[in-house]
$ cat start29.pdb   # PDB, C-alpha atoms, pLDDT in the B column
ATOM      1  CA  MET A  16      67.891 -52.926   0.051  1.00 39.00           C
ATOM      2  CA  GLY A  17      65.849 -49.957  -1.072  1.00 41.00           C
ATOM      3  CA  THR A  18      66.008 -46.329  -1.958  1.00 50.00           C
ATOM      4  CA  PHE A  19      66.121 -43.622   0.655  1.00 55.00           C
ATOM      5  CA  HIS A  20      65.535 -39.919   0.488  1.00 62.00           C
ATOM      6  CA  THR A  21      67.468 -37.199   2.246  1.00 69.00           C
ATOM      7  CA  GLY A  22      66.452 -33.659   3.078  1.00 82.00           C
ATOM      8  CA  LYS A  23      62.821 -34.544   3.711  1.00 86.00           C
ATOM      9  CA  HIS A  24      60.700 -34.588   6.850  1.00 89.00           C
ATOM     10  CA  GLU A  25      60.914 -37.774   8.927  1.00 89.00           C
ATOM     11  CA  LEU A  26      57.409 -38.709   7.774  1.00 92.00           C
ATOM     12  CA  HIS A  27      58.504 -38.737   4.138  1.00 91.00           C
ATOM     13  CA  GLY A  28      57.159 -41.869   2.484  1.00 90.00           C
ATOM     14  CA  ILE A  29      54.847 -42.688   5.367  1.00 93.00           C
ATOM     15  CA  THR A  30      51.083 -42.915   4.916  1.00 96.00           C
ATOM     16  CA  VAL A  31      49.548 -40.360   7.252  1.00 97.00           C
ATOM     17  CA  VAL A  32      46.184 -39.111   8.441  1.00 98.00           C
ATOM     18  CA  VAL A  33      45.870 -35.338   8.375  1.00 98.00           C
ATOM     19  CA  ASP A  34      42.846 -34.449  10.498  1.00 98.00           C
ATOM     20  CA  THR A  35      41.622 -30.894  10.229  1.00 98.00           C
ATOM     21  CA  LYS A  36      39.919 -28.660  12.761  1.00 97.00           C
ATOM     22  CA  GLY A  37      36.916 -28.753  10.453  1.00 97.00           C
ATOM     23  CA  SER A  38      34.983 -31.556   8.808  1.00 97.00           C
ATOM     24  CA  GLU A  39      37.665 -32.840   6.424  1.00 98.00           C
ATOM     25  CA  VAL A  40      40.233 -35.538   6.971  1.00 98.00           C
ATOM     26  CA  TYR A  41      42.985 -36.462   4.515  1.00 98.00           C
ATOM     27  CA  VAL A  42      44.888 -39.719   4.057  1.00 98.00           C
ATOM     28  CA  GLY A  43      47.939 -39.910   1.827  1.00 97.00           C
ATOM     29  CA  ARG A  44      51.635 -40.574   1.595  1.00 95.00           C
ATOM     30  CA  CYS A  45      53.600 -37.757   3.167  1.00 96.00           C
ATOM     31  CA  ASP A  46      56.084 -36.249   0.761  1.00 95.00           C
ATOM     32  CA  ASP A  47      57.278 -33.495   3.061  1.00 95.00           C
ATOM     33  CA  MET A  48      56.185 -31.276   5.916  1.00 96.00           C
ATOM     34  CA  ASP A  49      57.398 -27.995   7.368  1.00 95.00           C
ATOM     35  CA  ALA A  50      56.061 -25.409   9.804  1.00 95.00           C
ATOM     36  CA  GLU A  51      53.446 -24.199   7.336  1.00 97.00           C
ATOM     37  CA  LYS A  52      52.248 -27.115   5.274  1.00 97.00           C
ATOM     38  CA  VAL A  53      52.172 -30.842   4.692  1.00 98.00           C
ATOM     39  CA  ILE A  54      52.419 -32.233   1.183  1.00 98.00           C
ATOM     40  CA  LEU A  55      50.595 -35.493   0.467  1.00 98.00           C
ATOM     41  CA  LEU A  56      50.928 -37.760  -2.547  1.00 96.00           C
ATOM     42  CA  ASP A  57      48.280 -40.209  -3.758  1.00 96.00           C
ATOM     43  CA  ALA A  58      45.821 -38.767  -1.277  1.00 98.00           C
ATOM     44  CA  ASP A  59      42.148 -39.112  -0.499  1.00 98.00           C
ATOM     45  CA  VAL A  60      39.918 -36.705   1.378  1.00 98.00           C
ATOM     46  CA  HIS A  61      36.752 -37.425   3.299  1.00 98.00           C
ATOM     47  CA  THR A  62      34.227 -34.957   4.662  1.00 98.00           C
ATOM     48  CA  ASP A  63      32.503 -35.935   7.878  1.00 97.00           C
ATOM     49  CA  GLY A  64      29.105 -37.381   7.048  1.00 97.00           C
ATOM     50  CA  ASP A  65      29.697 -37.904   3.325  1.00 96.00           C
ATOM     51  CA  GLY A  66      28.103 -41.140   2.188  1.00 95.00           C
ATOM     52  CA  GLY A  67      26.701 -41.549   5.675  1.00 96.00           C
ATOM     53  CA  ARG A  68      30.186 -42.108   7.077  1.00 96.00           C
ATOM     54  CA  SER A  69      31.705 -40.220   9.950  1.00 97.00           C
ATOM     55  CA  LYS A  70      35.405 -39.415  10.096  1.00 97.00           C
ATOM     56  CA  ALA A  71      35.822 -42.370  12.446  1.00 97.00           C
ATOM     57  CA  ASP A  72      34.020 -44.734  10.055  1.00 97.00           C
ATOM     58  CA  TYR A  73      36.166 -43.565   7.175  1.00 98.00           C
ATOM     59  CA  LEU A  74      39.410 -43.881   9.140  1.00 98.00           C
ATOM     60  CA  GLY A  75      38.474 -47.321  10.396  1.00 97.00           C
ATOM     61  CA  GLN A  76      38.199 -48.564   6.841  1.00 96.00           C
ATOM     62  CA  ALA A  77      41.321 -46.675   5.758  1.00 97.00           C
ATOM     63  CA  ALA A  78      43.309 -48.236   8.595  1.00 97.00           C
ATOM     64  CA  GLN A  79      42.341 -51.706   7.431  1.00 95.00           C
ATOM     65  CA  TRP A  80      42.741 -51.380   3.688  1.00 95.00           C
ATOM     66  CA  GLY A  81      44.205 -48.007   2.765  1.00 96.00           C
ATOM     67  CA  VAL A  82      42.519 -45.521   0.462  1.00 97.00           C
ATOM     68  CA  PHE A  83      41.803 -45.124  -3.219  1.00 97.00           C
ATOM     69  CA  PRO A  84      43.720 -41.953  -4.114  1.00 96.00           C
ATOM     70  CA  LYS A  85      41.767 -39.131  -5.687  1.00 96.00           C
ATOM     71  CA  HIS A  86      44.588 -36.580  -5.734  1.00 97.00           C
ATOM     72  CA  ARG A  87      48.084 -37.105  -7.064  1.00 96.00           C
ATOM     73  CA  ARG A  88      49.413 -34.262  -4.884  1.00 98.00           C
ATOM     74  CA  LEU A  89      47.833 -32.109  -2.201  1.00 98.00           C
ATOM     75  CA  VAL A  90      49.297 -29.213  -0.230  1.00 98.00           C
ATOM     76  CA  ILE A  91      47.513 -28.686   3.085  1.00 98.00           C
ATOM     77  CA  GLY A  92      48.130 -25.639   5.263  1.00 97.00           C
ATOM     78  CA  LEU A  93      48.877 -26.593   8.847  1.00 97.00           C
ATOM     79  CA  ALA A  94      46.925 -23.629  10.203  1.00 97.00           C
ATOM     80  CA  GLY A  95      43.733 -25.634   9.811  1.00 96.00           C
ATOM     81  CA  VAL A  96      45.184 -28.971  10.862  1.00 98.00           C
ATOM     82  CA  ALA A  97      44.443 -30.587  14.201  1.00 98.00           C
ATOM     83  CA  SER A  98      46.820 -33.559  13.933  1.00 97.00           C
ATOM     84  CA  VAL A  99      49.119 -35.513  11.640  1.00 98.00           C
ATOM     85  CA  ARG A 100      49.411 -39.202  12.516  1.00 97.00           C
ATOM     86  CA  ARG A 101      50.646 -42.376  10.904  1.00 96.00           C
ATOM     87  CA  LEU A 102      47.780 -44.376   9.412  1.00 97.00           C
ATOM     88  CA  GLY A 103      49.545 -47.549  10.515  1.00 93.00           C
ATOM     89  CA  GLU A 104      49.199 -46.480  14.145  1.00 92.00           C
ATOM     90  CA  LEU A 105      45.425 -46.154  14.116  1.00 92.00           C
TER      91      LEU A 105
ATOM     92  CA  MET B  11      58.817 -43.717 -14.691  1.00 69.00           C
ATOM     93  CA  PRO B  12      60.586 -47.052 -14.228  1.00 78.00           C
ATOM     94  CA  TYR B  13      63.939 -47.198 -12.508  1.00 82.00           C
ATOM     95  CA  PRO B  14      66.964 -48.645 -14.316  1.00 85.00           C
ATOM     96  CA  GLU B  15      66.717 -52.412 -14.333  1.00 87.00           C
ATOM     97  CA  LEU B  16      70.256 -52.721 -13.038  1.00 88.00           C
ATOM     98  CA  MET B  17      69.221 -50.839  -9.898  1.00 88.00           C
ATOM     99  CA  ILE B  18      66.201 -52.928  -9.094  1.00 91.00           C
ATOM    100  CA  ARG B  19      67.572 -56.331 -10.015  1.00 94.00           C
ATOM    101  CA  PRO B  20      68.740 -57.040  -6.429  1.00 94.00           C
ATOM    102  CA  MET B  21      65.258 -56.156  -5.184  1.00 94.00           C
ATOM    103  CA  ARG B  22      63.731 -58.670  -7.569  1.00 95.00           C
ATOM    104  CA  GLU B  23      66.292 -61.305  -6.660  1.00 96.00           C
ATOM    105  CA  GLU B  24      65.657 -60.852  -2.957  1.00 95.00           C
ATOM    106  CA  LEU B  25      62.305 -62.530  -3.598  1.00 97.00           C
ATOM    107  CA  THR B  26      63.032 -64.795  -6.562  1.00 97.00           C
ATOM    108  CA  SER B  27      65.956 -66.321  -4.681  1.00 97.00           C
ATOM    109  CA  ALA B  28      63.459 -67.223  -1.948  1.00 96.00           C
ATOM    110  CA  GLY B  29      61.359 -69.190  -4.415  1.00 95.00           C
ATOM    111  CA  PHE B  30      59.015 -66.527  -5.740  1.00 97.00           C
ATOM    112  CA  GLU B  31      57.820 -66.783  -9.320  1.00 97.00           C
ATOM    113  CA  GLU B  32      58.153 -63.382 -10.919  1.00 97.00           C
ATOM    114  CA  LEU B  33      55.188 -62.355 -13.060  1.00 98.00           C
ATOM    115  CA  LYS B  34      55.947 -59.698 -15.671  1.00 97.00           C
ATOM    116  CA  THR B  35      52.877 -59.731 -17.880  1.00 97.00           C
ATOM    117  CA  ALA B  36      49.115 -59.869 -17.452  1.00 97.00           C
ATOM    118  CA  ASP B  37      49.098 -63.273 -19.105  1.00 97.00           C
ATOM    119  CA  GLU B  38      51.564 -64.588 -16.555  1.00 97.00           C
ATOM    120  CA  VAL B  39      49.405 -63.265 -13.722  1.00 96.00           C
ATOM    121  CA  ALA B  40      46.316 -64.894 -15.220  1.00 94.00           C
ATOM    122  CA  ALA B  41      48.164 -68.167 -15.665  1.00 94.00           C
ATOM    123  CA  TRP B  42      49.456 -68.100 -12.084  1.00 92.00           C
ATOM    124  CA  GLN B  43      46.014 -67.389 -10.711  1.00 89.00           C
ATOM    125  CA  GLY B  44      44.135 -69.732 -13.029  1.00 87.00           C
ATOM    126  CA  GLN B  45      46.220 -72.848 -12.807  1.00 74.00           C
ATOM    127  CA  ARG B  46      46.764 -73.002  -9.075  1.00 70.00           C
ATOM    128  CA  GLU B  47      44.777 -74.410  -6.220  1.00 81.00           C
ATOM    129  CA  GLY B  48      45.349 -73.948  -2.522  1.00 91.00           C
ATOM    130  CA  VAL B  49      46.856 -70.828  -0.984  1.00 95.00           C
ATOM    131  CA  GLY B  50      48.750 -68.361  -3.137  1.00 95.00           C
ATOM    132  CA  PHE B  51      51.012 -65.689  -1.705  1.00 97.00           C
ATOM    133  CA  LEU B  52      51.355 -62.609  -3.876  1.00 97.00           C
ATOM    134  CA  VAL B  53      53.834 -59.853  -3.053  1.00 98.00           C
ATOM    135  CA  ILE B  54      53.637 -56.520  -4.820  1.00 97.00           C
ATOM    136  CA  ASN B  55      57.257 -55.485  -4.665  1.00 96.00           C
ATOM    137  CA  SER B  56      58.431 -51.883  -4.888  1.00 93.00           C
ATOM    138  CA  VAL B  57      61.543 -49.766  -4.869  1.00 89.00           C
ATOM    139  CA  CYS B  58      60.882 -47.356  -2.049  1.00 74.00           C
ATOM    140  CA  GLY B  59      63.026 -48.052   0.978  1.00 69.00           C
ATOM    141  CA  CYS B  60      60.522 -46.350   3.276  1.00 68.00           C
ATOM    142  CA  ALA B  61      58.612 -49.626   3.393  1.00 72.00           C
ATOM    143  CA  ALA B  62      59.961 -52.161   0.927  1.00 68.00           C
ATOM    144  CA  GLY B  63      63.358 -52.251   2.609  1.00 78.00           C
ATOM    145  CA  MET B  64      61.775 -54.105   5.523  1.00 88.00           C
ATOM    146  CA  ALA B  65      59.085 -55.876   3.511  1.00 94.00           C
ATOM    147  CA  ARG B  66      61.350 -58.178   1.560  1.00 95.00           C
ATOM    148  CA  PRO B  67      63.426 -59.397   4.527  1.00 95.00           C
ATOM    149  CA  GLY B  68      60.198 -59.895   6.458  1.00 96.00           C
ATOM    150  CA  VAL B  69      58.788 -62.026   3.678  1.00 97.00           C
ATOM    151  CA  ARG B  70      61.937 -64.120   3.515  1.00 97.00           C
ATOM    152  CA  GLN B  71      61.969 -64.634   7.278  1.00 97.00           C
ATOM    153  CA  ALA B  72      58.357 -65.750   7.288  1.00 97.00           C
ATOM    154  CA  LEU B  73      58.836 -68.233   4.470  1.00 96.00           C
ATOM    155  CA  GLU B  74      61.978 -69.633   6.066  1.00 96.00           C
ATOM    156  CA  ASN B  75      60.602 -70.006   9.587  1.00 94.00           C
ATOM    157  CA  ALA B  76      56.819 -70.332   9.521  1.00 95.00           C
ATOM    158  CA  PRO B  77      55.470 -73.790  10.394  1.00 95.00           C
ATOM    159  CA  LYS B  78      52.777 -73.424   7.743  1.00 96.00           C
ATOM    160  CA  ARG B  79      53.433 -71.856   4.356  1.00 96.00           C
ATOM    161  CA  PRO B  80      51.496 -70.980   1.228  1.00 96.00           C
ATOM    162  CA  ASP B  81      51.403 -73.486  -1.604  1.00 94.00           C
ATOM    163  CA  HIS B  82      52.853 -71.094  -4.158  1.00 94.00           C
ATOM    164  CA  ALA B  83      54.347 -67.624  -4.134  1.00 96.00           C
ATOM    165  CA  ALA B  84      54.570 -65.015  -6.852  1.00 97.00           C
ATOM    166  CA  THR B  85      55.579 -61.403  -7.142  1.00 98.00           C
ATOM    167  CA  VAL B  86      55.015 -58.433  -9.402  1.00 98.00           C
ATOM    168  CA  PHE B  87      57.063 -55.247  -9.323  1.00 97.00           C
ATOM    169  CA  ALA B  88      55.038 -52.036  -9.038  1.00 95.00           C
ATOM    170  CA  GLY B  89      56.266 -49.176 -11.177  1.00 92.00           C
ATOM    171  CA  GLN B  90      58.392 -51.519 -13.246  1.00 94.00           C
ATOM    172  CA  ASP B  91      56.093 -54.212 -14.590  1.00 95.00           C
ATOM    173  CA  VAL B  92      53.047 -52.006 -14.910  1.00 96.00           C
ATOM    174  CA  GLU B  93      50.795 -54.389 -16.813  1.00 97.00           C
ATOM    175  CA  ALA B  94      51.453 -57.291 -14.487  1.00 98.00           C
ATOM    176  CA  THR B  95      50.912 -55.122 -11.418  1.00 98.00           C
ATOM    177  CA  ALA B  96      47.575 -53.834 -12.702  1.00 97.00           C
ATOM    178  CA  SER B  97      46.523 -57.374 -13.483  1.00 97.00           C
ATOM    179  CA  ALA B  98      47.579 -58.598 -10.042  1.00 97.00           C
ATOM    180  CA  ARG B  99      45.662 -55.800  -8.346  1.00 97.00           C
ATOM    181  CA  SER B 100      42.596 -56.687 -10.374  1.00 96.00           C
ATOM    182  CA  LEU B 101      42.495 -59.976  -8.463  1.00 95.00           C
ATOM    183  CA  PHE B 102      41.258 -57.984  -5.458  1.00 95.00           C
ATOM    184  CA  PRO B 103      39.654 -54.821  -6.850  1.00 95.00           C
ATOM    185  CA  GLN B 104      38.034 -53.940  -3.543  1.00 95.00           C
ATOM    186  CA  VAL B 105      41.453 -53.213  -2.046  1.00 97.00           C
ATOM    187  CA  PRO B 106      43.090 -49.827  -2.689  1.00 97.00           C
ATOM    188  CA  PRO B 107      46.412 -50.069  -4.519  1.00 96.00           C
ATOM    189  CA  SER B 108      49.566 -49.828  -2.458  1.00 94.00           C
ATOM    190  CA  SER B 109      53.108 -51.063  -2.723  1.00 94.00           C
ATOM    191  CA  PRO B 110      54.768 -52.860  -1.231  1.00 95.00           C
ATOM    192  CA  SER B 111      51.837 -54.973  -0.183  1.00 96.00           C
ATOM    193  CA  MET B 112      51.071 -58.653   0.240  1.00 97.00           C
ATOM    194  CA  ALA B 113      48.059 -60.853  -0.314  1.00 97.00           C
ATOM    195  CA  LEU B 114      47.043 -64.386   0.503  1.00 97.00           C
ATOM    196  CA  ILE B 115      44.573 -65.855  -1.963  1.00 95.00           C
ATOM    197  CA  LYS B 116      42.860 -69.081  -1.009  1.00 94.00           C
ATOM    198  CA  ASP B 117      40.890 -70.951  -3.650  1.00 87.00           C
ATOM    199  CA  GLY B 118      40.588 -67.741  -5.613  1.00 87.00           C
ATOM    200  CA  GLU B 119      39.487 -65.507  -2.744  1.00 92.00           C
ATOM    201  CA  LEU B 120      41.455 -62.864  -0.910  1.00 95.00           C
ATOM    202  CA  VAL B 121      41.794 -63.988   2.711  1.00 96.00           C
ATOM    203  CA  PHE B 122      44.570 -61.704   3.966  1.00 97.00           C
ATOM    204  CA  PHE B 123      46.059 -58.410   2.860  1.00 97.00           C
ATOM    205  CA  LEU B 124      48.949 -56.465   4.312  1.00 97.00           C
ATOM    206  CA  PRO B 125      48.899 -52.944   2.872  1.00 96.00           C
ATOM    207  CA  ARG B 126      51.879 -50.629   2.673  1.00 96.00           C
ATOM    208  CA  HIS B 127      50.851 -48.562   5.669  1.00 96.00           C
ATOM    209  CA  ARG B 128      51.023 -51.694   7.845  1.00 95.00           C
ATOM    210  CA  ILE B 129      54.637 -52.192   6.756  1.00 95.00           C
ATOM    211  CA  GLU B 130      55.967 -48.638   6.955  1.00 93.00           C
ATOM    212  CA  GLY B 131      58.246 -47.978   9.888  1.00 88.00           C
ATOM    213  CA  ARG B 132      58.137 -51.560  11.121  1.00 91.00           C
ATOM    214  CA  THR B 133      60.915 -54.113  11.328  1.00 93.00           C
ATOM    215  CA  ALA B 134      61.390 -57.197   9.218  1.00 95.00           C
ATOM    216  CA  GLU B 135      60.569 -59.212  12.342  1.00 96.00           C
ATOM    217  CA  ASP B 136      57.252 -57.378  12.677  1.00 96.00           C
ATOM    218  CA  VAL B 137      56.351 -58.091   9.059  1.00 96.00           C
ATOM    219  CA  SER B 138      57.426 -61.709   9.419  1.00 97.00           C
ATOM    220  CA  SER B 139      55.303 -62.063  12.542  1.00 97.00           C
ATOM    221  CA  ASP B 140      52.194 -60.757  10.776  1.00 97.00           C
ATOM    222  CA  LEU B 141      52.771 -63.077   7.841  1.00 98.00           C
ATOM    223  CA  THR B 142      53.463 -66.079  10.032  1.00 98.00           C
ATOM    224  CA  ALA B 143      50.162 -65.511  11.830  1.00 98.00           C
ATOM    225  CA  ALA B 144      48.346 -65.248   8.511  1.00 98.00           C
ATOM    226  CA  PHE B 145      50.017 -68.408   7.199  1.00 98.00           C
ATOM    227  CA  GLU B 146      49.023 -70.212  10.390  1.00 97.00           C
ATOM    228  CA  GLU B 147      45.393 -69.170   9.940  1.00 97.00           C
ATOM    229  CA  HIS B 148      45.011 -69.779   6.230  1.00 97.00           C
ATOM    230  CA  CYS B 149      47.580 -72.320   5.073  1.00 95.00           C
ATOM    231  CA  GLY B 150      47.136 -76.055   5.374  1.00 83.00           C
TER     232      GLY B 150
END
$ encode --input "start29.pdb" --output "structure tokens"
Amino acid sequence: MGTFHTGKHELHGITVVVDTKGSEVYVGRCDDMDAEKVILLDADVHTDGDGGRSKADYLGQAAQWGVFPKHRRLVIGLAGVASVRRLGEL
Amino acid sequence: MPYPELMIRPMREELTSAGFEELKTADEVAAWQGQREGVGFLVINSVCGCAAGMARPGVRQALENAPKRPDHAATVFAGQDVEATASARSLFPQVPPSSPSMALIKDGELVFFLPRHRIEGRTAEDVSSDLTAAFEEHCG
């Protein structure tokens, strides 16, 4: 038994990786997505090379443990996004 | 903001009826952690059906069917019992918070963690399978 949400994108409630065409990658719980934007809750963002970690390094750790959220809510324009994937599938 | 207790009671009972001790305060978490030896199984329960709807049945299946099982099991309810949840998460501060999630703690050390994103979109059988494998590896 649980609660379910109607009228949202199929990724609603799912932890996703939003990889951009640039150096940033986001991980957070998808609230909704449409043709223009994806909205993440409890999200973290990593810039390639920050702390000596590549995107792949960062995502490897995120896939194992999750992320410490730095943003309660983020709206990311899809124009700059390369892919949106489930973190659980990495 | 917490949900009405009447709404979440069945979600609590889905675990307590399977033998879980429900921890509602930081003191109860400390007592559970401090007085036990062996392998403890801690489930951070939650309301959201996106993941928790399959988490609880998966937990029950694993405890019913696994050849090896943890010595004691407890649960806290994220978003409802805030103090207890924060205290439970402080047992493994290196792990980002997520709910539902599940931890095996052996002799005071975290030996297995199943975060929310490894539960989302999966079946109860999948969750049970992961837990059964972890019980097999870590439980006596």
$ resolve_selection --input "start29.pdb" --expression "the PyMOL selection byres ((chain A) within 10 of (chain B))" --output "NGL selection string"
:A and (16-20 or 26-31 or 43-44 or 57 or 77-84 or 101-104)
$ atom_distance --input "start29.pdb" --atom1 "CA of Asp34 in chain A" --atom2 "CA of Met112 in chain B"
27.5 Å
$ atom_distance --input "start29.pdb" --atom1 "CA of Gln76 in chain A" --atom2 "CA of Val60 in chain A"
13.2 Å
$ residues_around --input "start29.pdb" --residues "Val33 in chain A" --least-positions-apart "5" --cutoff "12 Å" --atoms "all atoms listed in the file" --output "ChimeraX atom specification"
/A:38-45,48,52-55,58-61,70,74,89-102
$ closest_residue --input "start29.pdb" --among "B:Gly44, B:Pro103, B:Gly29, B:Gly68" --to "Thr142 in chain B" --atoms "only C-alpha atoms"
B:Gly68
